[in-house]
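K.L.:
My structure file final33.pdb, PDB, C-alpha atoms and all ligand atoms, is below:
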```
MODEL        1
ATOM      1  CA  MET A  20       0.000   0.000   0.000  1.00  0.00           C
ATOM      2  CA  PRO A  21       1.569   3.301  -0.991  1.00  0.00           C
ATOM      3  CA  SER A  22       1.523   5.894   1.721  1.00  0.00           C
ATOM      4  CA  PRO A  23       2.768   9.417   2.324  1.00  0.00           C
ATOM      5  CA  GLN A  24       5.108   7.902   4.849  1.00  0.00           C
ATOM      6  CA  GLY A  25       5.350   4.451   3.362  1.00  0.00           C
ATOM      7  CA  TYR A  26       8.442   4.539   1.227  1.00  0.00           C
ATOM      8  CA  TRP A  27      10.630   3.288   3.961  1.00  0.00           C
ATOM      9  CA  ALA A  28       9.763   0.123   5.771  1.00  0.00           C
ATOM     10  CA  ASP A  29       8.884   0.959   9.335  1.00  0.00           C
ATOM     11  CA  GLU A  30      10.278  -1.889  11.382  1.00  0.00           C
ATOM     12  CA  GLY A  31       8.879  -0.374  14.527  1.00  0.00           C
ATOM     13  CA  ARG A  32       5.318  -0.606  13.394  1.00  0.00           C
ATOM     14  CA  ALA A  33       4.879  -4.355  13.912  1.00  0.00           C
ATOM     15  CA  ALA A  34       6.264  -4.113  17.419  1.00  0.00           C
ATOM     16  CA  LEU A  35       3.946  -1.245  18.237  1.00  0.00           C
ATOM     17  CA  HIS A  36       0.881  -2.858  16.823  1.00  0.00           C
ATOM     18  CA  HIS A  37      -1.921  -3.658  19.232  1.00  0.00           C
ATOM     19  CA  ARG A  38      -4.078  -5.623  16.889  1.00  0.00           C
ATOM     20  CA  GLY A  39      -7.735  -4.749  17.185  1.00  0.00           C
ATOM     21  CA  VAL A  40      -7.390  -2.886  20.481  1.00  0.00           C
ATOM     22  CA  PRO A  41      -8.712   0.671  20.344  1.00  0.00           C
ATOM     23  CA  MET A  42      -6.142   3.129  21.585  1.00  0.00           C
ATOM     24  CA  VAL A  43      -6.312   6.674  22.825  1.00  0.00           C
ATOM     25  CA  LEU A  44      -4.044   9.534  21.791  1.00  0.00           C
ATOM     26  CA  LEU A  45      -2.838  11.656  24.698  1.00  0.00           C
ATOM     27  CA  ILE A  46      -1.774  15.078  23.520  1.00  0.00           C
ATOM     28  CA  THR A  47      -1.097  18.365  25.303  1.00  0.00           C
ATOM     29  CA  GLN A  48      -2.717  21.696  24.652  1.00  0.00           C
ATOM     30  CA  ALA A  49       0.682  23.059  23.612  1.00  0.00           C
ATOM     31  CA  GLN A  50       1.052  20.285  21.035  1.00  0.00           C
ATOM     32  CA  THR A  51      -2.375  20.924  19.531  1.00  0.00           C
ATOM     33  CA  GLU A  52      -1.469  24.620  19.463  1.00  0.00           C
ATOM     34  CA  ALA A  53       1.757  23.837  17.592  1.00  0.00           C
ATOM     35  CA  ILE A  54      -0.240  21.921  14.975  1.00  0.00           C
ATOM     36  CA  ARG A  55      -2.728  24.773  14.619  1.00  0.00           C
ATOM     37  CA  GLN A  56       0.044  27.310  14.257  1.00  0.00           C
ATOM     38  CA  HIS A  57       1.775  25.230  11.604  1.00  0.00           C
ATOM     39  CA  GLY A  58      -1.506  24.980   9.699  1.00  0.00           C
ATOM     40  CA  ALA A  59      -2.014  28.739   9.860  1.00  0.00           C
ATOM     41  CA  ARG A  60       1.608  29.437   8.911  1.00  0.00           C
ATOM     42  CA  ASP A  61       1.486  27.285   5.788  1.00  0.00           C
ATOM     43  CA  TYR A  62      -1.986  28.409   4.684  1.00  0.00           C
ATOM     44  CA  PRO A  63      -3.194  28.258   1.903  1.00  0.00           C
ATOM     45  CA  SER A  64      -1.015  25.175   1.464  1.00  0.00           C
ATOM     46  CA  GLU A  65      -1.382  21.982   3.451  1.00  0.00           C
ATOM     47  CA  CYS A  66       1.129  21.577   6.228  1.00  0.00           C
ATOM     48  CA  CYS A  67       2.282  18.210   7.538  1.00  0.00           C
ATOM     49  CA  GLY A  68       4.256  16.734  10.369  1.00  0.00           C
ATOM     50  CA  ALA A  69       4.627  13.831  12.739  1.00  0.00           C
ATOM     51  CA  LEU A  70       3.640  13.066  16.318  1.00  0.00           C
ATOM     52  CA  LEU A  71       6.434  11.489  18.330  1.00  0.00           C
ATOM     53  CA  GLY A  72       6.062   9.868  21.699  1.00  0.00           C
ATOM     54  CA  LYS A  73       5.664   6.634  23.601  1.00  0.00           C
ATOM     55  CA  VAL A  74       3.186   3.819  23.783  1.00  0.00           C
ATOM     56  CA  ASN A  75       1.934   3.011  27.271  1.00  0.00           C
ATOM     57  CA  GLY A  76      -0.474   0.084  27.186  1.00  0.00           C
ATOM     58  CA  GLU A  77      -3.401   1.314  25.153  1.00  0.00           C
ATOM     59  CA  ALA A  78      -2.334   4.945  25.142  1.00  0.00           C
ATOM     60  CA  LYS A  79      -0.235   6.728  22.569  1.00  0.00           C
ATOM     61  CA  GLN A  80       1.347   9.552  24.507  1.00  0.00           C
ATOM     62  CA  ALA A  81       2.519  12.376  22.263  1.00  0.00           C
ATOM     63  CA  MET A  82       5.689  14.027  23.478  1.00  0.00           C
ATOM     64  CA  GLU A  83       6.762  16.060  20.471  1.00  0.00           C
ATOM     65  CA  VAL A  84       5.275  17.594  17.353  1.00  0.00           C
ATOM     66  CA  ALA A  85       7.739  17.449  14.461  1.00  0.00           C
ATOM     67  CA  ALA A  86       6.975  19.779  11.553  1.00  0.00           C
ATOM     68  CA  LEU A  87       7.883  18.332   8.157  1.00  0.00           C
ATOM     69  CA  LYS A  88       7.992  19.770   4.663  1.00  0.00           C
ATOM     70  CA  ASN A  89       5.164  19.219   2.204  1.00  0.00           C
ATOM     71  CA  ILE A  90       7.041  18.271  -0.953  1.00  0.00           C
ATOM     72  CA  ARG A  91       3.927  18.755  -3.102  1.00  0.00           C
ATOM     73  CA  HIS A  92       5.473  22.234  -3.328  1.00  0.00           C
ATOM     74  CA  ASN A  93       7.958  20.563  -5.667  1.00  0.00           C
ATOM     75  CA  PRO A  94       5.603  18.813  -8.107  1.00  0.00           C
ATOM     76  CA  SER A  95       8.245  17.223 -10.312  1.00  0.00           C
ATOM     77  CA  TYR A  96       9.955  15.613  -7.315  1.00  0.00           C
ATOM     78  CA  ALA A  97       6.664  14.624  -5.715  1.00  0.00           C
ATOM     79  CA  GLN A  98       5.407  13.066  -8.944  1.00  0.00           C
ATOM     80  CA  GLU A  99       8.430  10.776  -9.035  1.00  0.00           C
ATOM     81  CA  LEU A 100       7.655   9.536  -5.543  1.00  0.00           C
ATOM     82  CA  LEU A 101       3.869   9.308  -5.502  1.00  0.00           C
ATOM     83  CA  PRO A 102       2.166  10.571  -8.647  1.00  0.00           C
ATOM     84  CA  VAL A 103      -1.210  12.249  -8.512  1.00  0.00           C
ATOM     85  CA  ASP A 104      -3.645  11.834 -11.387  1.00  0.00           C
ATOM     86  CA  ASP A 105      -4.331  15.486 -12.013  1.00  0.00           C
ATOM     87  CA  LEU A 106      -1.395  17.826 -11.425  1.00  0.00           C
ATOM     88  CA  ALA A 107      -3.521  20.893 -12.098  1.00  0.00           C
ATOM     89  CA  ARG A 108      -6.097  19.985  -9.473  1.00  0.00           C
ATOM     90  CA  GLU A 109      -4.001  18.057  -6.940  1.00  0.00           C
ATOM     91  CA  THR A 110      -1.469  20.494  -5.557  1.00  0.00           C
ATOM     92  CA  GLU A 111       0.113  21.483  -2.249  1.00  0.00           C
ATOM     93  CA  ARG A 112      -3.194  23.184  -1.463  1.00  0.00           C
ATOM     94  CA  ASN A 113      -5.075  19.917  -1.184  1.00  0.00           C
ATOM     95  CA  ARG A 114      -2.370  17.231  -1.013  1.00  0.00           C
ATOM     96  CA  PHE A 115       0.671  16.655   1.105  1.00  0.00           C
ATOM     97  CA  LEU A 116       3.618  14.355   0.724  1.00  0.00           C
ATOM     98  CA  ILE A 117       6.437  13.866   3.185  1.00  0.00           C
ATOM     99  CA  ASP A 118       9.932  13.585   1.767  1.00  0.00           C
ATOM    100  CA  PRO A 119      11.032   9.994   2.447  1.00  0.00           C
ATOM    101  CA  LEU A 120      14.552  11.139   3.256  1.00  0.00           C
ATOM    102  CA  GLU A 121      13.341  13.722   5.763  1.00  0.00           C
ATOM    103  CA  GLN A 122      11.042  11.057   7.208  1.00  0.00           C
ATOM    104  CA  LEU A 123      13.878   8.580   7.578  1.00  0.00           C
ATOM    105  CA  LEU A 124      16.068  11.108   9.357  1.00  0.00           C
ATOM    106  CA  MET A 125      13.197  12.128  11.605  1.00  0.00           C
ATOM    107  CA  GLU A 126      12.474   8.492  12.536  1.00  0.00           C
ATOM    108  CA  LYS A 127      16.137   7.754  13.221  1.00  0.00           C
ATOM    109  CA  ASP A 128      16.435  10.835  15.392  1.00  0.00           C
ATOM    110  CA  ALA A 129      13.244   9.917  17.272  1.00  0.00           C
ATOM    111  CA  ARG A 130      14.396   6.353  17.928  1.00  0.00           C
ATOM    112  CA  SER A 131      17.797   7.530  19.085  1.00  0.00           C
ATOM    113  CA  ARG A 132      15.915   9.445  21.775  1.00  0.00           C
ATOM    114  CA  GLY A 133      13.609   6.545  22.661  1.00  0.00           C
ATOM    115  CA  LEU A 134      10.584   7.977  20.868  1.00  0.00           C
ATOM    116  CA  ASP A 135       8.287   6.321  18.363  1.00  0.00           C
ATOM    117  CA  VAL A 136       6.290   7.801  15.514  1.00  0.00           C
ATOM    118  CA  LEU A 137       2.719   7.718  16.806  1.00  0.00           C
ATOM    119  CA  GLY A 138       1.071   9.393  13.877  1.00  0.00           C
ATOM    120  CA  TYR A 139       0.964  12.271  11.456  1.00  0.00           C
ATOM    121  CA  TYR A 140      -0.877  15.534  11.101  1.00  0.00           C
ATOM    122  CA  HIS A 141      -1.804  17.721   8.185  1.00  0.00           C
ATOM    123  CA  SER A 142      -4.052  20.684   7.498  1.00  0.00           C
ATOM    124  CA  HIS A 143      -7.115  21.150   5.331  1.00  0.00           C
ATOM    125  CA  PRO A 144      -7.035  24.715   4.012  1.00  0.00           C
ATOM    126  CA  ASP A 145     -10.637  25.914   3.633  1.00  0.00           C
ATOM    127  CA  HIS A 146     -11.960  22.398   4.051  1.00  0.00           C
ATOM    128  CA  PRO A 147     -13.443  20.569   7.045  1.00  0.00           C
ATOM    129  CA  ALA A 148     -11.223  18.519   9.342  1.00  0.00           C
ATOM    130  CA  ARG A 149     -12.450  15.255   7.884  1.00  0.00           C
ATOM    131  CA  PRO A 150     -10.258  12.773   6.011  1.00  0.00           C
ATOM    132  CA  SER A 151     -10.573  12.731   2.252  1.00  0.00           C
ATOM    133  CA  GLY A 152     -10.691   9.522   0.251  1.00  0.00           C
ATOM    134  CA  TYR A 153      -7.088  10.248  -0.633  1.00  0.00           C
ATOM    135  CA  ASP A 154      -6.184  10.499   3.052  1.00  0.00           C
ATOM    136  CA  ARG A 155      -7.781   7.128   3.745  1.00  0.00           C
ATOM    137  CA  GLU A 156      -6.113   5.448   0.794  1.00  0.00           C
ATOM    138  CA  HIS A 157      -2.701   6.646   1.889  1.00  0.00           C
ATOM    139  CA  ALA A 158      -2.984   5.895   5.591  1.00  0.00           C
ATOM    140  CA  TRP A 159      -1.672   2.929   7.545  1.00  0.00           C
ATOM    141  CA  PRO A 160      -3.529   1.176  10.349  1.00  0.00           C
ATOM    142  CA  TRP A 161      -2.637   1.988  13.963  1.00  0.00           C
ATOM    143  CA  TYR A 162      -1.171   5.456  13.390  1.00  0.00           C
ATOM    144  CA  SER A 163      -3.034   8.549  14.578  1.00  0.00           C
ATOM    145  CA  TYR A 164      -3.906  10.976  11.789  1.00  0.00           C
ATOM    146  CA  VAL A 165      -4.628  14.450  13.092  1.00  0.00           C
ATOM    147  CA  ILE A 166      -6.330  16.887  10.729  1.00  0.00           C
ATOM    148  CA  VAL A 167      -6.700  20.598  11.405  1.00  0.00           C
ATOM    149  CA  SER A 168      -9.013  22.728   9.311  1.00  0.00           C
ATOM    150  CA  VAL A 169      -7.706  26.186   8.460  1.00  0.00           C
ATOM    151  CA  GLU A 170     -10.345  28.630   7.289  1.00  0.00           C
ATOM    152  CA  ARG A 171      -9.057  31.785   5.636  1.00  0.00           C
ATOM    153  CA  GLY A 172      -5.785  31.406   7.468  1.00  0.00           C
ATOM    154  CA  VAL A 173      -7.289  30.737  10.891  1.00  0.00           C
ATOM    155  CA  ALA A 174      -6.906  27.260  12.409  1.00  0.00           C
ATOM    156  CA  LYS A 175     -10.246  25.830  13.537  1.00  0.00           C
ATOM    157  CA  ASP A 176     -11.294  22.243  14.219  1.00  0.00           C
ATOM    158  CA  LEU A 177      -8.764  19.594  15.052  1.00  0.00           C
ATOM    159  CA  THR A 178      -9.771  15.956  14.689  1.00  0.00           C
ATOM    160  CA  CYS A 179      -7.993  12.611  14.878  1.00  0.00           C
ATOM    161  CA  TRP A 180      -8.558   9.468  12.842  1.00  0.00           C
ATOM    162  CA  VAL A 181      -7.341   5.909  12.776  1.00  0.00           C
ATOM    163  CA  LEU A 182      -7.587   3.434   9.921  1.00  0.00           C
ATOM    164  CA  ALA A 183      -9.263   0.079  10.573  1.00  0.00           C
ATOM    165  CA  GLU A 184      -7.080  -3.023  10.349  1.00  0.00           C
ATOM    166  CA  ASP A 185      -8.594  -4.009   7.026  1.00  0.00           C
ATOM    167  CA  GLY A 186      -8.133  -0.496   5.659  1.00  0.00           C
ATOM    168  CA  GLY A 187     -11.856  -0.131   5.122  1.00  0.00           C
ATOM    169  CA  VAL A 188     -12.865   2.682   7.412  1.00  0.00           C
ATOM    170  CA  PHE A 189     -11.148   5.719   8.823  1.00  0.00           C
ATOM    171  CA  ASP A 190     -12.730   6.098  12.259  1.00  0.00           C
ATOM    172  CA  PRO A 191     -12.439   8.967  14.715  1.00  0.00           C
ATOM    173  CA  GLU A 192      -9.830   8.156  17.323  1.00  0.00           C
ATOM    174  CA  SER A 193     -10.221   8.958  21.008  1.00  0.00           C
ATOM    175  CA  VAL A 194      -8.108  11.934  21.993  1.00  0.00           C
ATOM    176  CA  GLU A 195      -7.450  13.240  25.482  1.00  0.00           C
ATOM    177  CA  VAL A 196      -5.869  16.627  25.951  1.00  0.00           C
ATOM    178  CA  VAL A 197      -3.584  16.258  28.949  1.00  0.00           C
ATOM    179  CA  GLU A 198      -1.051  18.355  30.781  1.00  0.00           C
TER     180      GLU A 198
HETATM  181 ZN    ZN B 201      -6.282  15.464   4.046  1.00  0.00          ZN
ENDMDL
END
```
In structure tokens, what does this structure look like?

P.N.:
Amino acid sequence: MPSPQGYWADEGRAALHHRGVPMVLLITQAQTEAIRQHGARDYPSECCGALLGKVNGEAKQAMEVAALKNIRHNPSYAQELLPVDDLARETERNRFLIDPLEQLLMEKDARSRGLDVLGYYHSHPDHPARPSGYDREHAWPWYSYVIVSVERGVAKDLTCWVLAEDGGVFDPESVEVVE
């Protein structure tokens, strides 16, 4: 399955996997604020980044928000990695793609500090914070996918989604804002 973050095998994923057990994402107010600010900063383009942290039983505890570049800003490079059907319609304003090299370095750095990739976030400029079909098709099970809507440059709703094991449905994930 191709994925925005799927070009490099993620050896950690199998070890992290709690098959079929619903998990909860624990995130701080400051972390949600960092995601909102990134969304506003990159408006009208989609921003993207990763959530790093630790798994404690059935909780994914976010400890860091790592901003990443949306390489849909570089269409010729992005097309080589994960082509879109319609380059005129599918741009950095409604698609994001993480550079696999930046992703690899980010994952290595996280692991060296004892952190795991818990999920990813991106923004929906002038669109609701609901996953698109494209988002679902390019997601992996288990990971948390945070979406922030940014309306006219102002960050609004923030939601979180998790893909079912069979890849069929993208369900809302439980989120607790903690201190
Ligand atoms: Zn999206």

K.L.:
Quick one: which chain A residues come within 6 Å of ligand ZN 201 (chain B), and what is the nearest atom pair for each with the distance in Å to one decimal, counting only C-alpha atoms and all ligand atoms, rows ordered by chain and ascending number, as JSON lines?

P.N.:
```
{"residue": "A:His143", "atom": "CA", "partner": "B:ZN201", "partner_atom": "ZN", "distance": 5.9}
{"residue": "A:Pro150", "atom": "CA", "partner": "B:ZN201", "partner_atom": "ZN", "distance": 5.2}
{"residue": "A:Ser151", "atom": "CA", "partner": "B:ZN201", "partner_atom": "ZN", "distance": 5.4}
{"residue": "A:Asp154", "atom": "CA", "partner": "B:ZN201", "partner_atom": "ZN", "distance": 5.1}
```

K.L.:
Taking 6 positions as the minimum chain separation for residues in the same chain, which residues sit within 7 Å of stretch 173-178 of chain A when counting all atoms listed in the file? Answer as a PDB file with C-alpha atoms, in the coordinates of the input.

P.N.:
```pdb
ATOM      1  CA  ARG A  55      -2.728  24.773  14.619  1.00  0.00           C
ATOM      2  CA  GLY A  58      -1.506  24.980   9.699  1.00  0.00           C
ATOM      3  CA  ALA A  59      -2.014  28.739   9.860  1.00  0.00           C
ATOM      4  CA  ALA A 148     -11.223  18.519   9.342  1.00  0.00           C
ATOM      5  CA  VAL A 165      -4.628  14.450  13.092  1.00  0.00           C
ATOM      6  CA  ILE A 166      -6.330  16.887  10.729  1.00  0.00           C
ATOM      7  CA  VAL A 167      -6.700  20.598  11.405  1.00  0.00           C
TER       8      VAL A 167
END
```

K.L.:
Give me the residues near A:Arg91 as JSON, numbers by chain, where near means some atom within 6 Å (using only C-alpha atoms) and where sequence neighbours in that chain fewer than 4 positions away do not count.

P.N.:
{"A": [97, 111, 115, 116]}

K.L.:
Next, dump the selected residues to file, keeping only C-alpha atoms, as a compact mmCIF listing (two decimals), keeping the file's coordinate frame.

P.N.:
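Full text of result05.txt as output:
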```txt
# COMPACT_ATOMS: atom_id res chain seq x y z
CA ALA A 97 6.66 14.62 -5.72
CA GLU A 111 0.11 21.48 -2.25
CA PHE A 115 0.67 16.66 1.10
CA LEU A 116 3.62 14.36 0.72
```

K.L.:
Tell me, as a list in words, which residues lie within 7 Å of stretch 120-135 of chain A, counting all atoms listed in the file; anything in the same chain fewer than 5 positions away does not count.

P.N.:
Leu71, Gly72 and Lys73 of chain A

K.L.:
Care to translate the PyMOL selection byres (((chain A and resi 65) around 8) and not hetatm) into actual residues of this file, as an MDAnalysis selection string?

P.N.:
chainID A and resid 58 61:64 66:67 89 111:115 141:144

K.L.:
Around (-6.1, 6.5, 24.9) in the file's own coordinates, what residues are found within 6 Å if you use all atoms listed in the file, given back as a list in words?

P.N.:
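Using all atoms listed in the file, the matching residues come out as Met42, Val43, Leu44, Glu77 and Ala78 of chain A.
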
K.L.:
Any chance you can output those residues with C-alpha atoms as a PDB file, in the coordinates of the input?

P.N.:
```pdb
ATOM      1  CA  MET A  42      -6.142   3.129  21.585  1.00  0.00           C
ATOM      2  CA  VAL A  43      -6.312   6.674  22.825  1.00  0.00           C
ATOM      3  CA  LEU A  44      -4.044   9.534  21.791  1.00  0.00           C
ATOM      4  CA  GLU A  77      -3.401   1.314  25.153  1.00  0.00           C
ATOM      5  CA  ALA A  78      -2.334   4.945  25.142  1.00  0.00           C
TER       6      ALA A  78
END
```

K.L.:
Which of these residues is nearest to A:Ile46, using only C-alpha atoms: A:Gly138, A:Pro160, A:Gly152, A:Gly186?

P.N.:
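Closest residue, counting only C-alpha atoms: A:Gly138.
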
K.L.:
Using only C-alpha atoms, which of A:Arg149, A:Ala85, A:Val40, A:Ser95 sits nearest A:Val169?

P.N.:
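Smallest distance to A:Val169 is found for A:Arg149.
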
K.L.:
When you count all atoms listed in the file, which of these residues is closest to A:Lys79: A:Glu170, A:Glu198, A:Asp118, A:Glu192?

P.N.:
A:Glu192

K.L.:
Just to confirm, what's the straight-line distance from atom CA of A:Val194 to atom CA of A:His157 in Å (one decimal)?

P.N.:
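Separation of atom CA of A:Val194 and atom CA of A:His157: 21.5 Å.
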
K.L.:
Hey, which of A:Ser163, A:Ser168, A:Thr110, A:Gln56 ends up closest to A:Gln80? Count only C-alpha atoms.

P.N.:
A:Ser163

K.L.:
Under the PyMOL selection byres (((chain A and resi 100) around 10) and not hetatm), which residues of this model are included? Write them out as a PyMOL selection string.

P.N.:
chain A and resi 21+23+26+90+94-99+101-103+116-119

K.L.:
Fix up stretch 97-116 of chain A with N, CA and C atoms, then write it as a PDB file, in the coordinates of the input.

P.N.:
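Dumped everything to out-v4.pdb:
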```pdb
ATOM      1  N   ALA A  97       7.762  15.371  -6.329  1.00  0.00           N
ATOM      2  CA  ALA A  97       6.664  14.624  -5.715  1.00  0.00           C
ATOM      3  C   ALA A  97       6.070  13.607  -6.685  1.00  0.00           C
ATOM      4  N   GLN A  98       5.972  13.989  -7.955  1.00  0.00           N
ATOM      5  CA  GLN A  98       5.407  13.066  -8.944  1.00  0.00           C
ATOM      6  C   GLN A  98       6.251  11.811  -9.100  1.00  0.00           C
ATOM      7  N   GLU A  99       7.556  11.952  -8.944  1.00  0.00           N
ATOM      8  CA  GLU A  99       8.430  10.776  -9.035  1.00  0.00           C
ATOM      9  C   GLU A  99       8.171   9.810  -7.890  1.00  0.00           C
ATOM     10  N   LEU A 100       7.819  10.364  -6.738  1.00  0.00           N
ATOM     11  CA  LEU A 100       7.655   9.536  -5.543  1.00  0.00           C
ATOM     12  C   LEU A 100       6.262   8.933  -5.450  1.00  0.00           C
ATOM     13  N   LEU A 101       5.258   9.773  -5.609  1.00  0.00           N
ATOM     14  CA  LEU A 101       3.869   9.308  -5.502  1.00  0.00           C
ATOM     15  C   LEU A 101       3.018  10.176  -6.419  1.00  0.00           C
ATOM     16  N   PRO A 102       2.861   9.729  -7.668  1.00  0.00           N
ATOM     17  CA  PRO A 102       2.166  10.571  -8.647  1.00  0.00           C
ATOM     18  C   PRO A 102       0.699  10.793  -8.285  1.00  0.00           C
ATOM     19  N   VAL A 103       0.228  11.982  -8.568  1.00  0.00           N
ATOM     20  CA  VAL A 103      -1.210  12.249  -8.512  1.00  0.00           C
ATOM     21  C   VAL A 103      -1.737  12.181  -9.939  1.00  0.00           C
ATOM     22  N   ASP A 104      -3.050  11.981 -10.059  1.00  0.00           N
ATOM     23  CA  ASP A 104      -3.645  11.834 -11.387  1.00  0.00           C
ATOM     24  C   ASP A 104      -3.716  13.153 -12.129  1.00  0.00           C
ATOM     25  N   ASP A 105      -4.030  14.205 -11.380  1.00  0.00           N
ATOM     26  CA  ASP A 105      -4.331  15.486 -12.013  1.00  0.00           C
ATOM     27  C   ASP A 105      -3.478  16.584 -11.371  1.00  0.00           C
ATOM     28  N   LEU A 106      -2.351  16.867 -12.000  1.00  0.00           N
ATOM     29  CA  LEU A 106      -1.395  17.826 -11.425  1.00  0.00           C
ATOM     30  C   LEU A 106      -1.965  19.241 -11.312  1.00  0.00           C
ATOM     31  N   ALA A 107      -2.947  19.551 -12.157  1.00  0.00           N
ATOM     32  CA  ALA A 107      -3.521  20.893 -12.098  1.00  0.00           C
ATOM     33  C   ALA A 107      -4.455  21.033 -10.898  1.00  0.00           C
ATOM     34  N   ARG A 108      -5.092  19.946 -10.532  1.00  0.00           N
ATOM     35  CA  ARG A 108      -6.097  19.985  -9.473  1.00  0.00           C
ATOM     36  C   ARG A 108      -5.532  19.517  -8.124  1.00  0.00           C
ATOM     37  N   GLU A 109      -4.549  18.622  -8.180  1.00  0.00           N
ATOM     38  CA  GLU A 109      -4.001  18.057  -6.940  1.00  0.00           C
ATOM     39  C   GLU A 109      -2.645  18.696  -6.676  1.00  0.00           C
ATOM     40  N   THR A 110      -2.675  19.705  -5.820  1.00  0.00           N
ATOM     41  CA  THR A 110      -1.469  20.494  -5.557  1.00  0.00           C
ATOM     42  C   THR A 110      -1.193  20.532  -4.058  1.00  0.00           C
ATOM     43  N   GLU A 111      -0.210  21.352  -3.674  1.00  0.00           N
ATOM     44  CA  GLU A 111       0.113  21.483  -2.249  1.00  0.00           C
ATOM     45  C   GLU A 111      -1.039  22.102  -1.457  1.00  0.00           C
ATOM     46  N   ARG A 112      -2.057  22.594  -2.175  1.00  0.00           N
ATOM     47  CA  ARG A 112      -3.194  23.184  -1.463  1.00  0.00           C
ATOM     48  C   ARG A 112      -4.212  22.142  -1.031  1.00  0.00           C
ATOM     49  N   ASN A 113      -4.138  20.959  -1.624  1.00  0.00           N
ATOM     50  CA  ASN A 113      -5.075  19.917  -1.184  1.00  0.00           C
ATOM     51  C   ASN A 113      -4.424  18.535  -1.083  1.00  0.00           C
ATOM     52  N   ARG A 114      -3.100  18.489  -1.174  1.00  0.00           N
ATOM     53  CA  ARG A 114      -2.370  17.231  -1.013  1.00  0.00           C
ATOM     54  C   ARG A 114      -1.096  17.517  -0.234  1.00  0.00           C
ATOM     55  N   PHE A 115      -0.654  16.521   0.505  1.00  0.00           N
ATOM     56  CA  PHE A 115       0.671  16.655   1.105  1.00  0.00           C
ATOM     57  C   PHE A 115       1.436  15.364   0.866  1.00  0.00           C
ATOM     58  N   LEU A 116       2.743  15.516   0.848  1.00  0.00           N
ATOM     59  CA  LEU A 116       3.618  14.355   0.724  1.00  0.00           C
ATOM     60  C   LEU A 116       4.878  14.657   1.518  1.00  0.00           C
TER      61      LEU A 116
END
```
